[in-house]
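Novice: Dropping in structure_32.cif, with mmCIF, C-alpha atoms.
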data_upload
loop_
_atom_site.group_PDB
_atom_site.id
_atom_site.type_symbol
_atom_site.label_atom_id
_atom_site.label_comp_id
_atom_site.auth_asym_id
_atom_site.auth_seq_id
_atom_site.Cartn_x
_atom_site.Cartn_y
_atom_site.Cartn_z
ATOM 1 C CA MET A 756 78.605 21.245 -10.509
ATOM 2 C CA HIS A 757 81.118 23.140 -8.387
ATOM 3 C CA LEU A 758 80.030 21.064 -5.386
ATOM 4 C CA MET A 759 80.537 17.820 -7.287
ATOM 5 C CA GLU A 760 83.951 18.890 -8.499
ATOM 6 C CA GLY A 761 85.102 20.368 -5.187
ATOM 7 C CA TYR A 762 84.893 24.003 -6.367
ATOM 8 C CA LYS A 763 87.604 23.232 -8.908
ATOM 9 C CA ALA A 764 86.550 22.537 -12.481
ATOM 10 C CA GLN A 765 87.541 19.146 -13.842
ATOM 11 C CA CYS A 766 85.856 19.519 -17.241
ATOM 12 C CA LEU A 767 84.945 22.235 -19.735
ATOM 13 C CA THR A 768 81.344 23.439 -19.478
ATOM 14 C CA ASN A 769 79.601 26.121 -21.556
ATOM 15 C CA LEU A 770 76.181 27.089 -20.175
ATOM 16 C CA PHE A 771 73.728 29.045 -22.361
ATOM 17 C CA ILE A 772 70.827 30.857 -20.645
ATOM 18 C CA PHE A 773 68.035 32.481 -22.665
ATOM 19 C CA ASN A 774 67.002 35.533 -20.655
ATOM 20 C CA ASN A 775 63.859 36.621 -22.539
ATOM 21 C CA HIS A 776 61.900 37.556 -19.391
ATOM 22 C CA LYS A 777 59.170 34.917 -19.619
ATOM 23 C CA TRP A 778 58.291 31.299 -18.912
ATOM 24 C CA ALA A 779 58.607 30.099 -22.505
ATOM 25 C CA ILE A 780 57.310 26.545 -21.979
ATOM 26 C CA GLU A 781 54.090 27.612 -20.264
ATOM 27 C CA ASP A 782 53.277 30.266 -22.882
ATOM 28 C CA ASN A 783 53.862 27.738 -25.627
ATOM 29 C CA LEU A 784 51.494 25.272 -23.983
ATOM 30 C CA VAL A 785 48.598 27.745 -23.911
ATOM 31 C CA ALA A 786 49.445 29.609 -27.148
ATOM 32 C CA ASP A 787 49.331 32.957 -25.365
ATOM 33 C CA ALA A 788 51.733 35.441 -23.792
ATOM 34 C CA GLU A 789 50.486 35.357 -20.214
ATOM 35 C CA LYS A 790 51.217 38.593 -18.366
ATOM 36 C CA GLU A 791 51.637 36.542 -15.187
ATOM 37 C CA HIS A 792 54.614 34.775 -16.761
ATOM 38 C CA VAL A 793 56.740 37.873 -17.252
ATOM 39 C CA LEU A 794 59.983 37.501 -15.300
ATOM 40 C CA TYR A 795 61.666 40.639 -14.001
ATOM 41 C CA ASN A 796 65.081 39.023 -13.611
ATOM 42 C CA ALA A 797 67.283 41.116 -15.932
ATOM 43 C CA ASP A 798 68.985 42.824 -12.966
ATOM 44 C CA PHE A 799 70.211 39.484 -11.647
ATOM 45 C CA TYR A 800 71.938 38.630 -14.912
ATOM 46 C CA ASP A 801 73.274 42.178 -15.233
ATOM 47 C CA LEU A 802 74.951 41.629 -11.867
ATOM 48 C CA ILE A 803 76.563 38.280 -12.626
ATOM 49 C CA ALA A 804 77.659 39.597 -16.051
ATOM 50 C CA GLU A 805 80.392 41.486 -14.187
ATOM 51 C CA HIS A 806 82.141 38.149 -13.687
ATOM 52 C CA GLY A 807 84.839 37.416 -16.237
ATOM 53 C CA LYS A 808 83.402 33.996 -17.073
ATOM 54 C CA VAL A 809 79.982 35.427 -18.013
ATOM 55 C CA ALA A 810 79.087 36.993 -21.368
ATOM 56 C CA VAL A 811 75.791 38.744 -22.239
ATOM 57 C CA CYS A 812 74.795 38.677 -25.921
ATOM 58 C CA GLU A 813 72.192 41.262 -26.949
ATOM 59 C CA ASN A 814 72.048 40.311 -30.657
ATOM 60 C CA ASP A 815 73.051 37.585 -33.094
ATOM 61 C CA LEU A 816 76.389 39.249 -33.945
ATOM 62 C CA GLU A 817 77.547 39.199 -30.326
ATOM 63 C CA LEU A 818 76.327 35.610 -30.025
ATOM 64 C CA ARG A 819 78.290 34.531 -33.119
ATOM 65 C CA GLU A 820 81.462 36.154 -31.795
ATOM 66 C CA THR A 821 81.023 34.523 -28.385
ATOM 67 C CA ILE A 822 80.395 31.079 -29.904
ATOM 68 C CA ALA A 823 83.480 31.477 -32.112
ATOM 69 C CA TYR A 824 85.581 32.312 -29.040
ATOM 70 C CA LEU A 825 84.193 29.378 -27.032
ATOM 71 C CA SER A 826 84.640 27.019 -29.994
ATOM 72 C CA ALA A 827 88.332 27.926 -30.244
ATOM 73 C CA LYS A 828 88.657 27.469 -26.489
ATOM 74 C CA THR A 829 86.956 24.061 -26.711
ATOM 75 C CA ASP A 830 89.281 22.934 -29.498
ATOM 76 C CA ALA A 831 92.287 23.933 -27.411
ATOM 77 C CA TYR A 832 90.884 22.052 -24.406
ATOM 78 C CA LEU A 833 90.362 18.891 -26.469
ATOM 79 C CA GLN A 834 93.973 19.096 -27.629
ATOM 80 C CA GLY A 835 95.187 19.472 -24.056
ATOM 81 C CA LYS A 836 96.308 23.065 -24.598
ATOM 82 C CA ALA A 837 93.705 24.796 -22.382
ATOM 83 C CA PRO A 838 92.564 24.170 -18.791
ATOM 84 C CA PRO A 839 89.025 23.078 -17.830
ATOM 85 C CA GLY A 840 86.503 25.666 -16.645
ATOM 86 C CA ILE A 841 82.961 26.979 -16.740
ATOM 87 C CA SER A 842 81.648 29.739 -19.031
ATOM 88 C CA MET A 843 78.144 31.215 -18.999
ATOM 89 C CA VAL A 844 76.471 32.911 -21.958
ATOM 90 C CA VAL A 845 73.304 34.957 -21.308
ATOM 91 C CA VAL A 846 71.386 35.349 -24.571
ATOM 92 C CA ARG A 847 68.963 38.263 -24.968
ATOM 93 C CA GLY A 848 67.081 39.805 -27.865
ATOM 94 C CA LEU A 849 66.541 36.511 -29.695
ATOM 95 C CA ASP A 850 62.951 35.268 -29.547
ATOM 96 C CA VAL A 851 62.028 31.981 -31.162
ATOM 97 C CA THR A 852 58.430 31.682 -32.337
ATOM 98 C CA MET A 853 57.196 28.101 -32.332
ATOM 99 C CA PRO A 854 53.787 26.609 -33.057
ATOM 100 C CA PRO A 855 51.887 26.036 -29.800
ATOM 101 C CA VAL A 856 51.767 22.553 -28.335
ATOM 102 C CA LEU A 857 48.023 22.465 -27.807
ATOM 103 C CA GLY A 858 46.649 19.330 -29.402
ATOM 104 C CA ASP A 859 43.057 18.383 -28.709
ATOM 105 C CA ILE A 860 41.864 20.241 -25.593
ATOM 106 C CA ASP A 861 38.509 18.422 -25.517
ATOM 107 C CA PRO A 862 39.829 15.777 -23.076
ATOM 108 C CA ILE A 863 40.866 18.608 -20.735
ATOM 109 C CA LEU A 864 37.401 20.178 -20.865
ATOM 110 C CA LYS A 865 35.773 16.811 -20.077
ATOM 111 C CA SER A 866 38.374 15.641 -17.567
ATOM 112 C CA SER A 867 37.742 14.769 -13.937
ATOM 113 C CA GLU A 868 40.455 17.287 -13.022
ATOM 114 C CA MET A 869 38.516 20.157 -14.616
ATOM 115 C CA ALA A 870 35.303 19.051 -12.934
ATOM 116 C CA PHE A 871 37.146 18.887 -9.629
ATOM 117 C CA MET A 872 38.627 22.361 -10.085
ATOM 118 C CA ARG A 873 35.243 23.871 -10.957
ATOM 119 C CA GLU A 874 33.493 22.265 -8.001
ATOM 120 C CA VAL A 875 36.148 22.909 -5.355
ATOM 121 C CA LEU A 876 37.297 26.373 -6.432
ATOM 122 C CA GLY A 877 33.717 27.448 -7.143
ATOM 123 C CA LYS A 878 32.718 26.509 -3.604
ATOM 124 C CA PHE A 879 35.825 28.169 -2.155
ATOM 125 C CA SER A 880 35.023 31.510 -3.834
ATOM 126 C CA GLU A 881 31.349 31.678 -2.878
ATOM 127 C CA GLY A 882 30.374 35.099 -1.526
ATOM 128 C CA CYS A 883 33.709 36.751 -2.360
ATOM 129 C CA GLN A 884 33.647 40.302 -3.763
ATOM 130 C CA HIS A 885 37.325 40.359 -4.797
ATOM 131 C CA LYS A 886 39.332 37.953 -6.902
ATOM 132 C CA ILE A 887 41.085 35.223 -4.935
ATOM 133 C CA PRO A 888 44.821 34.809 -5.677
ATOM 134 C CA ILE A 889 46.034 31.477 -7.026
ATOM 135 C CA TYR A 890 49.764 31.224 -6.325
ATOM 136 C CA GLY A 891 52.000 28.931 -8.328
ATOM 137 C CA CYS A 892 55.220 28.736 -10.317
ATOM 138 C CA SER A 893 56.516 27.013 -13.449
ATOM 139 C CA ALA A 894 53.112 25.470 -13.832
ATOM 140 C CA PHE A 895 53.451 23.386 -16.949
ATOM 141 C CA GLU A 896 52.026 20.249 -15.283
ATOM 142 C CA TYR A 897 48.696 22.046 -14.923
ATOM 143 C CA ILE A 898 48.954 25.294 -16.920
ATOM 144 C CA GLN A 899 46.535 24.161 -19.653
ATOM 145 C CA TYR A 900 43.931 23.208 -17.044
ATOM 146 C CA LEU A 901 44.403 26.480 -15.168
ATOM 147 C CA HIS A 902 44.336 28.564 -18.359
ATOM 148 C CA ILE A 903 41.095 26.993 -19.592
ATOM 149 C CA PHE A 904 39.575 27.225 -16.108
ATOM 150 C CA MET A 905 40.286 30.958 -15.832
ATOM 151 C CA GLU A 906 39.479 31.861 -19.445
ATOM 152 C CA GLN A 907 36.439 29.706 -20.189
ATOM 153 C CA MET A 908 34.810 28.646 -16.924
ATOM 154 C CA PRO A 909 32.507 30.998 -14.992
ATOM 155 C CA GLU A 910 34.093 29.896 -11.711
ATOM 156 C CA GLY A 911 37.475 31.020 -12.994
ATOM 157 C CA LYS A 912 36.398 34.665 -13.204
ATOM 158 C CA LYS A 913 36.629 34.894 -9.418
ATOM 159 C CA PHE A 914 40.345 34.071 -9.365
ATOM 160 C CA GLN A 915 43.623 35.740 -10.308
ATOM 161 C CA TYR A 916 46.764 33.744 -11.054
ATOM 162 C CA VAL A 917 49.943 35.056 -9.407
ATOM 163 C CA CYS A 918 53.100 33.428 -10.784
ATOM 164 C CA GLY A 919 56.014 33.386 -8.346
ATOM 165 C CA ARG A 920 59.611 33.310 -9.519
ATOM 166 C CA THR A 921 60.070 30.085 -7.586
ATOM 167 C CA ASP A 922 57.826 27.548 -5.841
ATOM 168 C CA ILE A 923 59.411 28.773 -2.622
ATOM 169 C CA GLN A 924 58.257 32.356 -3.260
ATOM 170 C CA ALA A 925 54.777 31.155 -4.226
ATOM 171 C CA ALA A 926 54.532 29.279 -0.917
ATOM 172 C CA HIS A 927 55.757 32.332 1.001
ATOM 173 C CA MET A 928 53.144 34.602 -0.608
ATOM 174 C CA CYS A 929 50.390 32.477 0.884
ATOM 175 C CA GLY A 930 51.307 33.919 4.278
ATOM 176 C CA PHE A 931 50.588 37.487 3.184
ATOM 177 C CA THR A 932 47.337 39.287 3.916
ATOM 178 C CA GLN A 933 44.863 38.284 1.175
ATOM 179 C CA PRO A 934 41.991 40.453 -0.222
ATOM 180 C CA GLU A 935 39.256 38.129 1.070
ATOM 181 C CA GLY A 936 41.373 36.363 3.658
ATOM 182 C CA LYS A 937 41.592 33.461 1.197
ATOM 183 C CA CYS A 938 44.116 32.161 -1.308
ATOM 184 C CA VAL A 939 44.988 29.011 -3.240
ATOM 185 C CA LEU A 940 48.431 27.434 -3.655
ATOM 186 C CA PHE A 941 49.124 25.111 -6.563
ATOM 187 C CA ILE A 942 52.187 22.978 -5.849
ATOM 188 C CA ASN A 943 53.929 20.885 -8.489
ATOM 189 C CA ASP A 944 57.178 20.025 -6.761
ATOM 190 C CA VAL A 945 58.565 19.378 -3.313
ATOM 191 C CA TYR A 946 60.009 22.873 -2.789
ATOM 192 C CA GLY A 947 56.571 24.407 -2.276
ATOM 193 C CA ILE A 948 55.808 21.835 0.412
ATOM 194 C CA ASN A 949 59.141 22.391 2.164
ATOM 195 C CA SER A 950 58.639 26.169 2.241
ATOM 196 C CA ILE A 951 55.042 26.403 3.380
ATOM 197 C CA GLY A 952 55.488 25.963 7.140
ATOM 198 C CA GLU A 953 55.975 29.647 7.954
ATOM 199 C CA SER A 954 53.073 30.663 5.705
ATOM 200 C CA LEU A 955 50.740 28.160 7.356
ATOM 201 C CA ARG A 956 51.691 29.585 10.745
ATOM 202 C CA GLN A 957 50.661 33.048 9.490
ATOM 203 C CA VAL A 958 47.396 31.679 8.126
ATOM 204 C CA LEU A 959 46.594 29.909 11.399
ATOM 205 C CA SER A 960 47.522 32.850 13.641
ATOM 206 C CA GLY A 961 44.960 35.357 14.924
ATOM 207 C CA PHE A 962 41.185 35.234 14.825
ATOM 208 C CA GLY A 963 40.504 36.474 11.288
ATOM 209 C CA GLY A 964 39.270 33.200 9.850
ATOM 210 C CA LYS A 965 41.907 33.073 7.111
ATOM 211 C CA GLN A 966 41.757 30.197 4.655
ATOM 212 C CA LEU A 967 44.334 28.538 2.398
ATOM 213 C CA LEU A 968 43.370 25.915 -0.168
ATOM 214 C CA LEU A 969 46.357 23.742 -0.993
ATOM 215 C CA MET A 970 46.228 21.831 -4.278
ATOM 216 C CA ILE A 971 49.120 19.415 -4.849
ATOM 217 C CA TRP A 972 49.315 18.759 -8.569
ATOM 218 C CA HIS A 973 51.520 15.772 -9.371
ATOM 219 C CA PRO A 974 51.437 12.143 -10.457
ATOM 220 C CA SER A 975 51.506 9.753 -7.543
ATOM 221 C CA VAL A 976 54.256 7.576 -9.072
ATOM 222 C CA MET A 977 51.808 4.678 -9.251
ATOM 223 C CA GLN A 978 52.783 3.599 -12.772
ATOM 224 C CA LEU A 979 56.136 2.577 -14.179
ATOM 225 C CA MET A 980 56.075 5.454 -16.704
ATOM 226 C CA ASP A 981 55.829 8.012 -13.878
ATOM 227 C CA HIS A 982 59.442 7.204 -13.006
ATOM 228 C CA PHE A 983 60.579 8.390 -16.440
ATOM 229 C CA HIS A 984 58.984 11.833 -16.408
ATOM 230 C CA LEU A 985 60.788 14.330 -18.615
ATOM 231 C CA HIS A 986 60.998 17.088 -16.034
ATOM 232 C CA ARG A 987 61.711 15.775 -12.552
ATOM 233 C CA PRO A 988 63.355 12.704 -11.049
ATOM 234 C CA PRO A 989 60.795 10.549 -9.193
ATOM 235 C CA MET A 990 62.028 11.383 -5.680
ATOM 236 C CA VAL A 991 61.327 15.098 -6.223
ATOM 237 C CA TRP A 992 57.599 14.497 -6.660
ATOM 238 C CA PRO A 993 55.713 15.685 -3.577
ATOM 239 C CA SER A 994 53.863 12.403 -3.147
ATOM 240 C CA LEU A 995 54.410 12.860 0.574
ATOM 241 C CA GLY A 996 52.857 16.344 0.414
ATOM 242 C CA GLN A 997 49.681 15.588 2.320
ATOM 243 C CA GLU A 998 51.630 13.881 5.121
ATOM 244 C CA LEU A 999 54.132 16.735 5.437
ATOM 245 C CA CYS A 1000 51.329 19.275 5.721
ATOM 246 C CA LYS A 1001 49.933 17.405 8.704
ATOM 247 C CA TYR A 1002 53.084 18.303 10.628
ATOM 248 C CA TYR A 1003 52.353 21.983 10.073
ATOM 249 C CA VAL A 1004 48.605 22.028 10.688
#
The structure in this file should be written as structure tokens.
Specialist:
Amino acid sequence: MHLMEGYKAQCLTNLFIFNNHKWAIEDNLVADAEKEHVLYNADFYDLIAEHGKVAVCENDLELRETIAYLSAKTDAYLQGKAPPGISMVVVRGLDVTMPPVLGDIDPILKSSEMAFMREVLGKFSEGCQHKIPIYGCSAFEYIQYLHIFMEQMPEGKKFQYVCGRTDIQAAHMCGFTQPEGKCVLFINDVYGINSIGESLRQVLSGFGGKQLLLMIWHPSVMQLMDHFHLHRPPMVWPSLGQELCKYYV
């Protein structure tokens, strides 16, 4: 927003961030509090809270007072009595419990995607004594498939999901030394693809026989409805993922 407005605010913006230390959407999709989804990012918000335009609300009383202050400021702005600007409110201590968005999981169990995961990942883990890391981030395109695979399928018992804070970090972790020399990267946006070059160089270096299984999980924008996805604009989809990887390998 600062870039669009030339680092000088031209409108009044109030941004609310719920800092409850977890990926709320993913947990709601699987009706479980996944330990892999815990986010240790409180220190970051503690740091930016030192800025005068940032307020941290630890309870509903502080939130009410902050909203009252911002409401008065907004009224003054609308009347031309206050300048434009940006305010950030970090909300903590308020958890909202919602019914899980599960629906009928039978189509997932019988899907070609689940069969593909069982066959490919089962083959990839053959002979391994340790669990193979599956790296990913913000996985709500595939989290129900992954959750069922790891909880209900025998092949899933040989894997451990490692949730990165970003797709970039998940891609970077693939370059680390892995327990069995193997790991899997689930990618659901273009940032994982753009960040994987250095990790692939680490995987391909040396004579240790390291292996990385790259699974690009996305619609291919083959149907009109794919262009109206709720989460990402169509040009962010990594449809070009397989081609980009060829430049690295």
Novice: Where does the PyMOL selection byres ((chain A and resi 773) around 8) land in this file, that is, which residues does it pick, as a PyMOL selection string?
Specialist: chain A and resi 771-772+774-775+845-847
Novice: How many Å separate atom CA of A:Ile923 from atom CA of A:Val939?
Specialist: 14.4 Å
Novice: Evaluate the PyMOL selection byres ((chain A and resi 843) around 9) here and jot the selected residues down as a list in words.
Specialist: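 For this structure, the PyMOL selection byres ((chain A and resi 843) around 9) captures Thr768, Asn769, Leu770, Phe771, Ile772, Ala804, Lys808, Val809, Ala810, Val811, Ile841, Ser842, Val844 and Val845 of chain A.
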Novice: Atom CA of A:Val917 and atom CA of A:Glu813 are how many Å apart?
Specialist: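 Going from atom CA of A:Val917 over to atom CA of A:Glu813 covers 29.0 Å.
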Novice: How many Å separate atom CA of A:Ser893 from atom CA of A:Arg873?
Specialist: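 Atom CA of A:Arg873 lies at a distance of 21.6 Å from atom CA of A:Ser893.
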Novice: Please evaluate the PyMOL selection byres ((chain A and resi 765) around 9) against the displayed coordinates and give the resulting residues as JSON, numbers by chain.
Specialist: {"A": [760, 763, 764, 766, 767, 838, 839, 840]}
Novice: Skipping near chain neighbours, those fewer than 3 positions away, what residues fall within 10 Å of A:Pro888 using all atoms listed in the file, listed as number ranges by chain?
Specialist: A: 885, 891, 913-918, 928-929, 933-935, 937-940
Novice: Step by step, gather every atom of stretch 833-839 of chain A that the file lists, find the box along x, y and z that holds them, add 5 Å on each side, and finally give centre and edge lengths in Å to one decimal, as JSON.
Specialist:
{"center_x": 92.7, "center_y": 21.8, "center_z": -22.7, "size_x": 17.3, "size_y": 15.9, "size_z": 19.8}
Novice: Which of these residues is nearest to A:Gly848, using all atoms listed in the file: A:Lys865, A:Gly882, A:Tyr824, A:Cys812?
Specialist: A:Cys812
Novice: Within 10 Å of stretch 962-969 of chain A, counting all atoms listed in the file, which residues show up once you throw out same-chain ones fewer than 2 positions away? Write them as a VMD selection string, please.
Specialist: chain A and resid 875 to 876 879 889 to 890 926 929 to 930 932 to 933 935 to 942 948 954 to 955 957 to 960 971 to 972 996 to 997 1000
Novice: Let me see the file: selected residues, C-alpha atoms, as a PDB file, in the frame of the given file.
Specialist:
ATOM      1  CA  VAL A 875      36.148  22.909  -5.355  1.00  0.00           C
ATOM      2  CA  LEU A 876      37.297  26.373  -6.432  1.00  0.00           C
ATOM      3  CA  PHE A 879      35.825  28.169  -2.155  1.00  0.00           C
ATOM      4  CA  ILE A 889      46.034  31.477  -7.026  1.00  0.00           C
ATOM      5  CA  TYR A 890      49.764  31.224  -6.325  1.00  0.00           C
ATOM      6  CA  ALA A 926      54.532  29.279  -0.917  1.00  0.00           C
ATOM      7  CA  CYS A 929      50.390  32.477   0.884  1.00  0.00           C
ATOM      8  CA  GLY A 930      51.307  33.919   4.278  1.00  0.00           C
ATOM      9  CA  THR A 932      47.337  39.287   3.916  1.00  0.00           C
ATOM     10  CA  GLN A 933      44.863  38.284   1.175  1.00  0.00           C
ATOM     11  CA  GLU A 935      39.256  38.129   1.070  1.00  0.00           C
ATOM     12  CA  GLY A 936      41.373  36.363   3.658  1.00  0.00           C
ATOM     13  CA  LYS A 937      41.592  33.461   1.197  1.00  0.00           C
ATOM     14  CA  CYS A 938      44.116  32.161  -1.308  1.00  0.00           C
ATOM     15  CA  VAL A 939      44.988  29.011  -3.240  1.00  0.00           C
ATOM     16  CA  LEU A 940      48.431  27.434  -3.655  1.00  0.00           C
ATOM     17  CA  PHE A 941      49.124  25.111  -6.563  1.00  0.00           C
ATOM     18  CA  ILE A 942      52.187  22.978  -5.849  1.00  0.00           C
ATOM     19  CA  ILE A 948      55.808  21.835   0.412  1.00  0.00           C
ATOM     20  CA  SER A 954      53.073  30.663   5.705  1.00  0.00           C
ATOM     21  CA  LEU A 955      50.740  28.160   7.356  1.00  0.00           C
ATOM     22  CA  GLN A 957      50.661  33.048   9.490  1.00  0.00           C
ATOM     23  CA  VAL A 958      47.396  31.679   8.126  1.00  0.00           C
ATOM     24  CA  LEU A 959      46.594  29.909  11.399  1.00  0.00           C
ATOM     25  CA  SER A 960      47.522  32.850  13.641  1.00  0.00           C
ATOM     26  CA  ILE A 971      49.120  19.415  -4.849  1.00  0.00           C
ATOM     27  CA  TRP A 972      49.315  18.759  -8.569  1.00  0.00           C
ATOM     28  CA  GLY A 996      52.857  16.344   0.414  1.00  0.00           C
ATOM     29  CA  GLN A 997      49.681  15.588   2.320  1.00  0.00           C
ATOM     30  CA  CYS A1000      51.329  19.275   5.721  1.00  0.00           C
TER      31      CYS A1000
END
Novice: Rank A:Leu825, A:Ile863, A:Cys883, A:Val785 by their smallest atom-to-atom distance to A:Ala837, using all atoms listed in the file, and report the top residue only.
Specialist: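 The answer is A:Leu825, which sits nearest to A:Ala837.
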Novice: When distances are computed from only C-alpha atoms, which of A:Ala870, A:Arg956, A:Asn943, A:Glu817 shows the smallest separation from A:Phe895?
Specialist: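 Comparing A:Ala870, A:Arg956, A:Asn943, A:Glu817 against A:Phe895, the winner is A:Asn943.
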Novice: Taking only C-alpha atoms into account, name the residue in A:Ser867, A:Thr921, A:Ser880, A:Gln907 that is nearest to A:Cys892.
Specialist: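 Between A:Ser867, A:Thr921, A:Ser880, A:Gln907, the residue approaching A:Cys892 most closely is A:Thr921.
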Novice: Would you please work out which residue, of A:Ala827, A:Leu784, A:Phe904, A:Phe799, is nearest to A:Phe871 when using only C-alpha atoms?
Specialist: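 Comparing A:Ala827, A:Leu784, A:Phe904, A:Phe799 against A:Phe871, the winner is A:Phe904.
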